[in-house]
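Data file: model-v9.cif. Format and content: mmCIF, C-alpha atoms.
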data_input
#
loop_
_atom_site.label_atom_id
_atom_site.label_comp_id
_atom_site.auth_asym_id
_atom_site.auth_seq_id
_atom_site.Cartn_x
_atom_site.Cartn_y
_atom_site.Cartn_z
CA MET A 1 -3.20 16.12 3.94
CA ALA A 2 -1.96 15.60 7.47
CA LYS A 3 -4.52 15.68 10.25
CA LYS A 4 -3.80 15.75 14.00
CA SER A 5 -1.02 14.85 16.39
CA ARG A 6 -0.65 14.69 20.16
CA VAL A 7 1.23 17.74 21.35
CA TYR A 8 3.07 18.44 24.61
CA GLY A 9 4.41 21.47 26.44
CA VAL A 10 7.89 20.99 27.91
CA ARG A 11 9.46 22.80 30.87
CA VAL A 12 13.25 22.52 30.83
CA ARG A 13 16.37 23.76 32.59
CA THR A 14 19.73 24.63 31.09
CA ALA A 15 22.92 25.78 32.79
CA GLN A 16 22.92 28.94 30.69
CA ASP A 17 19.24 29.97 30.79
CA GLY A 18 17.85 28.32 33.93
CA GLU A 19 14.23 27.10 33.93
CA PHE A 20 11.87 27.95 31.08
CA ILE A 21 9.10 26.60 28.89
CA TYR A 22 10.57 25.29 25.63
CA GLY A 23 9.83 27.72 22.79
CA LYS A 24 7.21 25.66 20.97
CA PRO A 25 4.98 22.68 21.64
CA VAL A 26 6.49 19.29 20.86
CA PRO A 27 4.54 16.64 18.91
CA GLY A 28 5.04 13.10 20.19
CA MET A 29 3.54 9.67 20.86
CA SER A 30 3.50 10.08 24.64
CA LYS A 31 4.97 12.04 27.55
CA ALA A 32 7.76 9.47 27.81
CA HIS A 33 8.53 9.77 24.10
CA VAL A 34 8.79 13.58 24.30
CA PHE A 35 10.85 13.39 27.51
CA ASN A 36 13.35 11.04 25.86
CA GLU A 37 13.60 13.19 22.74
CA VAL A 38 14.14 16.53 24.49
CA ASN A 39 16.15 15.49 27.56
CA SER A 40 19.92 15.72 27.06
CA GLN A 41 23.14 16.67 28.82
CA LEU A 42 22.57 20.28 27.77
CA MET A 43 18.84 20.50 28.54
CA ALA A 44 17.14 18.74 31.45
CA VAL A 45 13.42 18.10 31.11
CA LEU A 46 11.58 19.04 34.30
CA GLU A 47 7.99 18.50 33.17
CA VAL A 48 6.07 17.31 30.12
CA LYS A 49 2.42 18.41 29.94
CA TYR A 50 -0.13 17.00 27.50
CA LEU A 51 -1.75 19.87 25.57
CA GLY A 52 -4.13 17.86 23.39
CA TRP A 53 -4.58 16.91 19.75
CA TYR A 54 -3.57 19.69 17.37
CA ASP A 55 -4.15 20.13 13.65
CA ILE A 56 -1.01 19.54 11.60
CA THR A 57 -0.56 20.72 8.02
CA LEU A 58 2.08 19.34 5.66
CA SER A 59 3.39 21.96 3.21
CA ALA A 60 6.23 22.44 0.74
CA ASN A 61 8.47 25.51 0.65
CA SER A 62 10.33 24.54 -2.52
CA SER A 63 10.43 21.77 -5.04
CA THR A 64 12.40 19.54 -2.66
CA ASP A 65 11.72 20.68 0.92
CA TYR A 66 8.65 20.18 3.07
CA TYR A 67 7.66 21.15 6.60
CA PHE A 68 4.88 20.64 9.11
CA GLU A 69 2.83 23.50 10.50
CA LEU A 70 0.94 23.50 13.81
CA THR A 71 -1.44 26.26 14.94
CA SER A 72 -2.08 26.52 18.69
CA LYS A 73 -5.69 26.35 19.80
CA LYS A 74 -5.64 29.06 22.45
CA LYS A 75 -3.62 31.90 20.95
CA GLY A 76 -3.57 30.91 17.30
CA ASN A 77 0.25 30.93 17.19
CA THR A 78 1.74 29.06 14.27
CA TYR A 79 4.78 26.81 14.70
CA ILE A 80 6.87 25.38 11.88
CA PHE A 81 8.61 22.00 12.26
CA GLU A 82 11.63 21.36 10.05
CA PRO A 83 14.50 18.84 10.16
CA GLY A 84 16.29 19.04 13.51
CA ASP A 85 13.27 20.30 15.48
CA PHE A 86 11.94 18.29 18.40
CA GLY A 87 8.91 16.40 17.07
CA TRP A 88 10.12 16.35 13.44
CA ASN A 89 10.84 12.61 13.42
CA HIS A 90 7.53 11.82 15.10
CA LEU A 91 5.58 13.86 12.53
CA ASN A 92 7.43 12.16 9.67
CA TYR A 93 6.60 8.75 11.13
CA GLN A 94 2.96 9.60 11.91
CA PHE A 95 2.31 11.13 8.49
CA GLN A 96 4.65 8.91 6.45
CA GLN A 97 2.07 8.19 3.75
CA ASP A 98 1.34 11.91 3.27
CA VAL A 99 5.07 12.69 3.19
CA ASP A 100 5.72 9.94 0.62
CA GLU A 101 2.89 11.23 -1.59
CA MET A 102 4.16 14.81 -1.38
CA VAL A 103 7.77 13.82 -2.14
CA GLU A 104 6.60 11.70 -5.08
CA PHE A 105 4.54 14.64 -6.39
CA MET A 106 7.48 17.05 -5.99
CA ASP A 107 9.82 14.58 -7.74
CA SER A 108 7.37 14.18 -10.64
CA ASP A 109 7.80 17.88 -11.50
CA TYR A 110 11.39 17.16 -12.61
#
With the file now loaded, output its structure as structure tokens.
Amino acid sequence: MAKKSRVYGVRVRTAQDGEFIYGKPVPGMSKAHVFNEVNSQLMAVLEVKYLGWYDITLSANSSTDYYFELTSKKKGNTYIFEPGDFGWNHLNYQFQQDVDEMVEFMDSDY
């Protein structure tokens, strides 16, 4: 269903953990979009790096819930994006038609 999305790596700093690379790539429209989504009072964004276009898969894990799955190109790591994750809103917006079709299909089972 879903196809590809721009993906970014984010280096951040927190008072508790210091500097580190955020645990998973963040889908977004642009570096500025990702910066604005991730940057907060608790986590300062130090750098946003464009990683490229990555394949995104839309899947369901129950009759009412869905998630997005991204597999990294270099290491083949798989990342799941669910509500509350950075990039979740962007993926929902980018793949709105696919999401609507999946939700309609899931609702038709009831």
Selection in question (the file shown): the PyMOL selection byres ((chain A and resi 51-59) around 8). Which residues does it include, as a ChimeraX atom specification? /A:1-9,49-50,60-61,66-73,98-99
Contact residues around His33 in chain A with only C-alpha atoms at 12 Å, ignoring same-chain residues under 5 positions, as an MDAnalysis selection string: chainID A and resid 6:8 10 26:28 38:39 45 48 50 86:87 89:90
Might you pull out every residue within 6 Å of Arg11 in chain A, with all atoms listed in the file counted and same-chain residues fewer than 4 positions away left off, and present them as a ChimeraX atom specification? /A:20-22,46-47
The PyMOL selection byres ((chain A and resi 13) around 6) resolved against shown file, as a PyMOL selection string: chain A and resi 12+14+18-19+43-44
Using the selection just defined, write its residues with C-alpha atoms as a PDB file, keeping the file's coordinate frame.
ATOM      1  CA  VAL A  12      13.250  22.520  30.830  1.00  0.00           C
ATOM      2  CA  THR A  14      19.730  24.630  31.090  1.00  0.00           C
ATOM      3  CA  GLY A  18      17.850  28.320  33.930  1.00  0.00           C
ATOM      4  CA  GLU A  19      14.230  27.100  33.930  1.00  0.00           C
ATOM      5  CA  MET A  43      18.840  20.500  28.540  1.00  0.00           C
ATOM      6  CA  ALA A  44      17.140  18.740  31.450  1.00  0.00           C
TER       7      ALA A  44
END
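Our summary of the geometry notes that CA of Thr78 in chain A is positioned 24.6 Å from CA of Ala32 in chain A.
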